[in-house]
Amino acid sequence: MQEQTHSAATEEELRARFAQAGYYIYSIKARGMLARAGKSKKVKLETFLVFNQQFLTLFRAGLPILGAIELLARRQKILHFRAQLEDVATRIKNGESISEAFVAQGGFPIVYTTTLLAGERSGNLEEVLQRYLDFQRVSLTFRKKLVASLIYPAVLVVMVIGLFIFLITFVVPRFAELYEQLGTKLPELTVFLLALGKNAQDYGVYAAAALALLIFLFTRWIKTDAGATLVDRVRIALPLVGPVWLKYQVGLFARTLSTLLTGGLPLVPSLEVAARSIDSKQIGKAVFRSVETVREGKGLSVSFAETKVFPELAVEMIEVGESTGALPQMLNSVAEFFEEDVQTNLTAVMSLIEPLILIVMGCVVVTILIALYLPIFSMSAGSGGGG
């Protein structure tokens, strides 16, 4: 019995190679970096877009699909993505379509694999891929703008938390030692703060561990269907953030649906794919409910209106698109309108939140300083009165 290490795109390829050489194979296991990479199937969106742009360029230049994928696989630096591309090439050699080969990897966006399928069926893979790239570029640019607008408030929140932890765990205990030596009667606010500082020193590590455990359990829970649905419902119901989140998800859904319909996919499969591609469980479930009414022959706008989830303006614009026979174009208009609205609303919300965070930070610092120095002021006033 021998144990050997060899490289291959897939387990099937390696098994076939050794079977042809006359070996009997007991088991095949991934090793080292490839084993760790194999567990992480997803590829970063930027990397995936670069690959698709290169693939489209090679395809337009007249290179066969298989040759283009093999060439890009050899040039790919990311190990697990290279392994996936090599597996895609192997599957295409064995007679599978490109959409089936990418679906088998399990880590690529459902919108992408469905787009490939639509391109294969319509015989216009080049145009469909270009539409997908345009869609993802717009979505990625918009997402980056949203993240950039949230960086400053996030930094402020971290500063508030860090400053509070520093004052409670470092500054307050120093004052506790001072007042213990003086033996003076302390105000209730000071007593509370000193007790908080002592408890933070004694139990801070345990509290941090418990908090980390709670965060871990919460992140696991929100990955379940029930958890994600409840969190999404709460998020949409929030007074300032909720409408912004709802419009963002509706805009993303409309752009995805437009891309799929323009690619030649029928309405019902497009609705199902677009519903699975967004993060909002509430909107996704509303779309799946509307699919049933669409199958019964009702219009898309009527079906969306019955869910009572979609904004009224979106429903009205979709109704116009249906009546004029330009639904994909109108869905793009819906996406553009809501994306602009989200940026405007987010700017307004951030202009309210940022000063609020600064006010909270100031109140925390002032309260702690008053509590710490109040006994000193009392002693000074007492000694001045006695004199």
# chains A, B, ... in the order shown; residues from 1 in each chain; ligands from 1
call {"tool": "select_by_dssp", "arguments": {"residues": "range 195-325 of chain A", "states": "helix (DSSP H, G or I)", "output": "ChimeraX atom specification"}}
result
/A:195-221,225-237,241-262,267-277,281-295,300-307,312-324
call {"tool": "residues_around", "arguments": {"residues": "Gly321 in chain A", "least_positions_apart": "5", "cutoff": "7 Å", "atoms": "only C-alpha atoms", "output": "PyMOL selection string"}}
result
chain A and resi 326-327+330
call {"tool": "write_last_selection", "arguments": {"atoms": "N, CA and C atoms", "output": "mmCIF file, in the first residue's frame"}}
result
data_model
loop_
_atom_site.group_PDB
_atom_site.id
_atom_site.type_symbol
_atom_site.label_atom_id
_atom_site.label_comp_id
_atom_site.auth_asym_id
_atom_site.auth_seq_id
_atom_site.Cartn_x
_atom_site.Cartn_y
_atom_site.Cartn_z
ATOM 1 N N ALA A 326 -42.338 47.118 -22.792
ATOM 2 C CA ALA A 326 -40.922 47.446 -22.549
ATOM 3 C C ALA A 326 -40.579 47.181 -21.072
ATOM 4 N N LEU A 327 -40.933 45.987 -20.610
ATOM 5 C CA LEU A 327 -40.731 45.673 -19.193
ATOM 6 C C LEU A 327 -39.256 45.676 -18.788
ATOM 7 N N MET A 330 -38.066 49.255 -18.465
ATOM 8 C CA MET A 330 -38.691 49.938 -17.331
ATOM 9 C C MET A 330 -38.120 49.432 -16.009
#
call {"tool": "closest_residue", "arguments": {"among": "A:Val287, A:Leu238, A:Ile161, A:Ala335", "to": "Ala254 in chain A", "atoms": "only C-alpha atoms"}}
result
A:Ala335
call {"tool": "closest_atom_pairs", "arguments": {"of": "range 231-276 of chain A", "to": "range 342-352 of chain A", "cutoff": "10 Å", "atoms": "only C-alpha atoms", "output": "CSV"}}
result
residue,atom,partner,partner_atom,distance
A:Leu240,CA,A:Val349,CA,6.8
A:Val241,CA,A:Val349,CA,7.7
A:Pro243,CA,A:Val342,CA,8.6
A:Val244,CA,A:Val342,CA,5.5
A:Trp245,CA,A:Val342,CA,8.0
A:Leu246,CA,A:Val342,CA,9.2
A:Lys247,CA,A:Val342,CA,6.4
A:Tyr248,CA,A:Val342,CA,6.2
A:Gln249,CA,A:Val342,CA,9.9
A:Gly251,CA,A:Val342,CA,9.1
call {"tool": "closest_residue", "arguments": {"among": "A:Ile92, A:Ala118, A:Ile353, A:Ile65", "to": "Pro266 in chain A", "atoms": "only C-alpha atoms"}}
result
A:Ala118
call {"tool": "residues_around", "arguments": {"residues": "Lys285 in chain A", "least_positions_apart": "5", "cutoff": "12 Å", "atoms": "only C-alpha atoms", "output": "list in words"}}
result
Asp225, Ala228, Thr229, Asp232, Arg233, Leu271, Glu272, Ala274, Ala275, Arg276, Ser277, Ile278, Asp279, Ser280, Ser290, Val291, Glu292, Phe304, Thr307, Lys308, Val309 and Phe310 of chain A
call {"tool": "atom_distance", "arguments": {"atom1": "CA of Glu316 in chain A", "atom2": "CA of Gln282 in chain A"}}
result
20.2 Å
call {"tool": "residues_around", "arguments": {"residues": "Ser122 in chain A", "least_positions_apart": "2", "cutoff": "12 Å", "atoms": "only C-alpha atoms", "output": "ChimeraX atom specification"}}
result
/A:115-120,124-128,261-266
call {"tool": "residues_around", "arguments": {"residues": "Arg137 in chain A", "least_positions_apart": "5", "cutoff": "12 Å", "atoms": "only C-alpha atoms", "output": "JSON, numbers by chain"}}
result
{"A": [45, 46, 48, 49, 50, 52, 53, 130, 131, 132, 142, 143, 144, 255]}
call {"tool": "closest_residue", "arguments": {"among": "A:Ile69, A:Ile236, A:Val171, A:Leu369", "to": "Gly197 in chain A", "atoms": "only C-alpha atoms"}}
result
A:Val171
call {"tool": "residues_around", "arguments": {"residues": "Val320 in chain A", "least_positions_apart": "2", "cutoff": "12 Å", "atoms": "only C-alpha atoms", "output": "MDAnalysis selection string"}}
result
chainID A and resid 299:302 313:318 322:331 333:334
call {"tool": "residues_around", "arguments": {"residues": "Lys44 in chain A", "least_positions_apart": "4", "cutoff": "12 Å", "atoms": "only C-alpha atoms", "output": "PDB file with N, CA and C atoms, in the first residue's frame"}}
result
ATOM      1  N   SER A  40     -13.443  26.730   0.531  1.00  0.00           N
ATOM      2  CA  SER A  40     -13.943  28.070   0.247  1.00  0.00           C
ATOM      3  C   SER A  40     -14.216  28.174  -1.237  1.00  0.00           C
ATOM      4  N   PHE A  48     -13.896  37.683 -10.145  1.00  0.00           N
ATOM      5  CA  PHE A  48     -14.808  36.994 -11.054  1.00  0.00           C
ATOM      6  C   PHE A  48     -15.146  37.867 -12.264  1.00  0.00           C
ATOM      7  N   LEU A  49     -15.307  39.173 -12.039  1.00  0.00           N
ATOM      8  CA  LEU A  49     -15.601  40.081 -13.144  1.00  0.00           C
ATOM      9  C   LEU A  49     -14.414  40.186 -14.102  1.00  0.00           C
ATOM     10  N   VAL A  50     -13.197  40.232 -13.541  1.00  0.00           N
ATOM     11  CA  VAL A  50     -11.997  40.285 -14.383  1.00  0.00           C
ATOM     12  C   VAL A  50     -11.915  39.036 -15.259  1.00  0.00           C
ATOM     13  N   PHE A  51     -12.173  37.871 -14.645  1.00  0.00           N
ATOM     14  CA  PHE A  51     -12.156  36.620 -15.417  1.00  0.00           C
ATOM     15  C   PHE A  51     -13.172  36.664 -16.558  1.00  0.00           C
ATOM     16  N   ILE A  78      -5.194  32.529  -8.107  1.00  0.00           N
ATOM     17  CA  ILE A  78      -5.935  32.066  -6.925  1.00  0.00           C
ATOM     18  C   ILE A  78      -6.178  30.569  -7.062  1.00  0.00           C
ATOM     19  N   HIS A  80      -7.945  28.068  -5.491  1.00  0.00           N
ATOM     20  CA  HIS A  80      -9.231  27.367  -5.552  1.00  0.00           C
ATOM     21  C   HIS A  80     -10.019  27.791  -6.796  1.00  0.00           C
ATOM     22  N   PHE A  81      -9.838  29.032  -7.268  1.00  0.00           N
ATOM     23  CA  PHE A  81     -10.505  29.464  -8.492  1.00  0.00           C
ATOM     24  C   PHE A  81      -9.901  28.751  -9.701  1.00  0.00           C
ATOM     25  N   GLY A 107     -20.308  27.384  -6.261  1.00  0.00           N
ATOM     26  CA  GLY A 107     -19.956  28.631  -5.590  1.00  0.00           C
ATOM     27  C   GLY A 107     -20.153  29.876  -6.421  1.00  0.00           C
ATOM     28  N   PHE A 108     -20.704  29.734  -7.618  1.00  0.00           N
ATOM     29  CA  PHE A 108     -20.875  30.891  -8.486  1.00  0.00           C
ATOM     30  C   PHE A 108     -22.298  31.438  -8.369  1.00  0.00           C
ATOM     31  N   PRO A 109     -22.481  32.750  -8.606  1.00  0.00           N
ATOM     32  CA  PRO A 109     -23.817  33.353  -8.444  1.00  0.00           C
ATOM     33  C   PRO A 109     -24.842  32.686  -9.336  1.00  0.00           C
ATOM     34  N   LEU A 140     -21.685  46.740  -8.499  1.00  0.00           N
ATOM     35  CA  LEU A 140     -20.470  46.826  -7.689  1.00  0.00           C
ATOM     36  C   LEU A 140     -20.121  48.278  -7.373  1.00  0.00           C
TER      37      LEU A 140
END
call {"tool": "closest_residue", "arguments": {"among": "A:Ile165, A:Arg235, A:Pro173, A:Phe218", "to": "Thr190 in chain A", "atoms": "only C-alpha atoms"}}
result
A:Pro173
call {"tool": "closest_residue", "arguments": {"among": "A:Leu133, A:Leu189, A:Val111, A:Val160", "to": "Val364 in chain A", "atoms": "only C-alpha atoms"}}
result
A:Val160
